[in-house]
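One structure below.
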Amino acid sequence: MADLPQDAISRIEPELAFLVRRLEMNYRKRGYPMERAHYLLLGRLEQGEKSTGEIAEALGLDHSTVVRQVAAVEELGFAERRPNPRDRRSVLVHLLPAGAASIAAMRKARQTRLGRFLAGWSEDEREQFAGLLARFNVALLEADRAEHIAV
């Protein structure tokens, strides 16, 4: 924090609080086609089948949380657990066509809405924002992992 002036942090903090509040409010109002947790989980499965441990690590979640989320998306017909061919004692979670269609609809709705918010921004500004936001999310995930290890 030494290289970031305190005045910038004091401006960022309330903006983040406002952002989180607005995102939560908008999410409840919009009636998106799937829950945010399912969207994030299925997004990982688009890259290929994964173990629940791999999903937990990628999303920075407890393994038990991911197991519950996997059960929920299985019940919806979006994914299924299959025996791991490398180790029959474990399973891999596989994205099903209904899950792929649902996540595509969710992504389209979210990107359309985001596109409206950023319509007045230049492509350079959008790229800069994307990079900074990704960097911030990595810092959040690393902080969560460090706290989890320290406990």
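How things are named: the first chain in the structure tokens is A, the next is B, and so on; residues count from 1 in each chain; ligands count from 1 in the order shown.
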
Excluding same-chain residues fewer than 4 positions from stretch 21-28 of chain A, what lies within 12 Å of it counting only C-alpha atoms, as an MDAnalysis selection string? chainID A and resid 14:17 32:36 106 109:110 113:114

Identify, with DSSP run on backbone atoms, the residues in stretch 32-90 of chain A assigned to helix (DSSP H, G or I), and express the list as a PyMOL selection string. chain A and resi 36-45+52-59+63-75

Pick out each residue of chain A that DSSP on the backbone tags as strand (DSSP E or B); I need them as a ChimeraX atom specification. /A:50,79-84,87-95

Mind checking which residues fall within 7 Å of A:Gln69, counting only C-alpha atoms, ignoring those fewer than 4 positions away in the same chain, and posting them as a VMD selection string? chain A and resid 38 65 73

Go ahead and write the residues just picked, C-alpha atoms, as a PDB file, in the first residue's frame.
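Writing done, so here's selection_39.pdb:
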ATOM      1  CA  HIS A  38     -23.942 -21.654 -11.125  1.00  0.00           C
ATOM      2  CA  THR A  65     -19.531 -25.399  -1.093  1.00  0.00           C
ATOM      3  CA  VAL A  73     -26.454 -27.853 -11.278  1.00  0.00           C
TER       4      VAL A  73
END

Name all residues at most 10 Å from stretch 55-57 of chain A (count only C-alpha atoms; drop same-chain ones fewer than 6 positions away) and give them as a compact mmCIF listing (two decimals) with N, CA, C and O atoms, in the first residue's frame.
# COMPACT_ATOMS: atom_id res chain seq x y z
N LEU A 40 -20.68 -19.08 -12.56
CA LEU A 40 -19.23 -19.16 -12.36
C LEU A 40 -18.74 -20.61 -12.44
O LEU A 40 -17.71 -20.90 -13.06
N LEU A 41 -19.47 -21.52 -11.82
CA LEU A 41 -19.09 -22.93 -11.83
C LEU A 41 -19.13 -23.49 -13.25
O LEU A 41 -18.17 -24.11 -13.72
N LEU A 42 -20.24 -23.25 -13.95
CA LEU A 42 -20.36 -23.78 -15.31
C LEU A 42 -19.35 -23.14 -16.25
O LEU A 42 -18.88 -23.77 -17.20
N ARG A 44 -16.33 -22.49 -15.56
CA ARG A 44 -15.10 -23.29 -15.41
C ARG A 44 -15.21 -24.58 -16.21
O ARG A 44 -14.23 -25.05 -16.79
N LEU A 45 -16.41 -25.15 -16.25
CA LEU A 45 -16.59 -26.42 -16.96
C LEU A 45 -16.56 -26.25 -18.47
O LEU A 45 -16.33 -27.22 -19.19
N GLU A 49 -13.91 -30.75 -18.41
CA GLU A 49 -14.36 -31.31 -17.13
C GLU A 49 -13.29 -31.14 -16.06
O GLU A 49 -12.11 -31.11 -16.35
N HIS A 63 -14.33 -26.71 -0.57
CA HIS A 63 -14.71 -27.90 -1.32
C HIS A 63 -16.18 -28.26 -1.06
O HIS A 63 -16.92 -28.60 -2.00
N SER A 64 -16.63 -28.17 0.18
CA SER A 64 -18.01 -28.52 0.51
C SER A 64 -19.01 -27.60 -0.20
O SER A 64 -20.09 -28.05 -0.63
N THR A 65 -18.66 -26.34 -0.37
CA THR A 65 -19.53 -25.40 -1.09
C THR A 65 -19.66 -25.83 -2.55
O THR A 65 -20.76 -25.83 -3.11
N VAL A 66 -18.54 -26.20 -3.16
CA VAL A 66 -18.56 -26.62 -4.56
C VAL A 66 -19.36 -27.90 -4.71
O VAL A 66 -20.14 -28.04 -5.67
N VAL A 67 -19.22 -28.84 -3.79
CA VAL A 67 -19.98 -30.09 -3.86
C VAL A 67 -21.48 -29.79 -3.85
O VAL A 67 -22.24 -30.36 -4.64
N VAL A 70 -22.39 -28.22 -7.23
CA VAL A 70 -22.41 -29.24 -8.28
C VAL A 70 -23.70 -30.05 -8.20
O VAL A 70 -24.34 -30.33 -9.22
N VAL A 93 -16.54 -33.37 -13.05
CA VAL A 93 -17.81 -32.72 -13.36
C VAL A 93 -17.77 -32.30 -14.82
O VAL A 93 -16.82 -31.67 -15.27
N LEU A 141 -8.49 -12.97 -4.75
CA LEU A 141 -8.38 -14.43 -4.65
C LEU A 141 -7.13 -14.83 -3.88
O LEU A 141 -7.18 -15.70 -3.00
N ARG A 145 -6.94 -16.88 -0.34
CA ARG A 145 -6.14 -18.10 -0.20
C ARG A 145 -5.15 -17.96 0.96
O ARG A 145 -4.96 -18.90 1.72

With only C-alpha atoms as the atoms that count, which of A:Arg107, A:Gln128, A:Thr52, A:Asp144 lies nearest to A:Arg82?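 Counting only C-alpha atoms, the residue closest to A:Arg82 is A:Thr52.
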
List as an mmCIF file with N, CA and C atoms, in the first residue's frame the protein and nucleic acid residues near A:Ala130, meaning an atom at most 12 Å away when only C-alpha atoms are counted, but skip any in the same chain fewer than 6 places from it.
data_model
loop_
_atom_site.group_PDB
_atom_site.id
_atom_site.type_symbol
_atom_site.label_atom_id
_atom_site.label_comp_id
_atom_site.auth_asym_id
_atom_site.auth_seq_id
_atom_site.Cartn_x
_atom_site.Cartn_y
_atom_site.Cartn_z
ATOM 1 N N LEU A 114 -23.790 -5.041 -19.858
ATOM 2 C CA LEU A 114 -22.508 -4.396 -19.623
ATOM 3 C C LEU A 114 -22.130 -3.504 -20.805
ATOM 4 N N LEU A 118 -21.024 0.536 -20.786
ATOM 5 C CA LEU A 118 -19.712 0.981 -21.272
ATOM 6 C C LEU A 118 -19.760 1.561 -22.687
ATOM 7 N N GLU A 123 -12.545 1.895 -26.693
ATOM 8 C CA GLU A 123 -12.045 0.519 -26.579
ATOM 9 C C GLU A 123 -10.817 0.477 -25.680
ATOM 10 N N ASP A 124 -9.984 1.507 -25.760
ATOM 11 C CA ASP A 124 -8.812 1.607 -24.887
ATOM 12 C C ASP A 124 -9.225 1.644 -23.405
ATOM 13 N N PHE A 136 -7.305 -6.831 -9.946
ATOM 14 C CA PHE A 136 -7.927 -6.683 -8.632
ATOM 15 C C PHE A 136 -8.534 -8.011 -8.173
ATOM 16 N N ASN A 137 -9.209 -8.708 -9.082
ATOM 17 C CA ASN A 137 -9.799 -10.003 -8.730
ATOM 18 C C ASN A 137 -8.737 -11.027 -8.346
#

Find the residues around A:Leu96 up to 8 Å (only C-alpha atoms counted), leave out those fewer than 3 positions away in its own chain, and share them as a list in words. Gly77, Phe78, Ala79, Glu80, Gly99 and Ala100 of chain A

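The space between atom CA of A:Leu95 and atom CA of A:Glu54 spans 14.5 Å.
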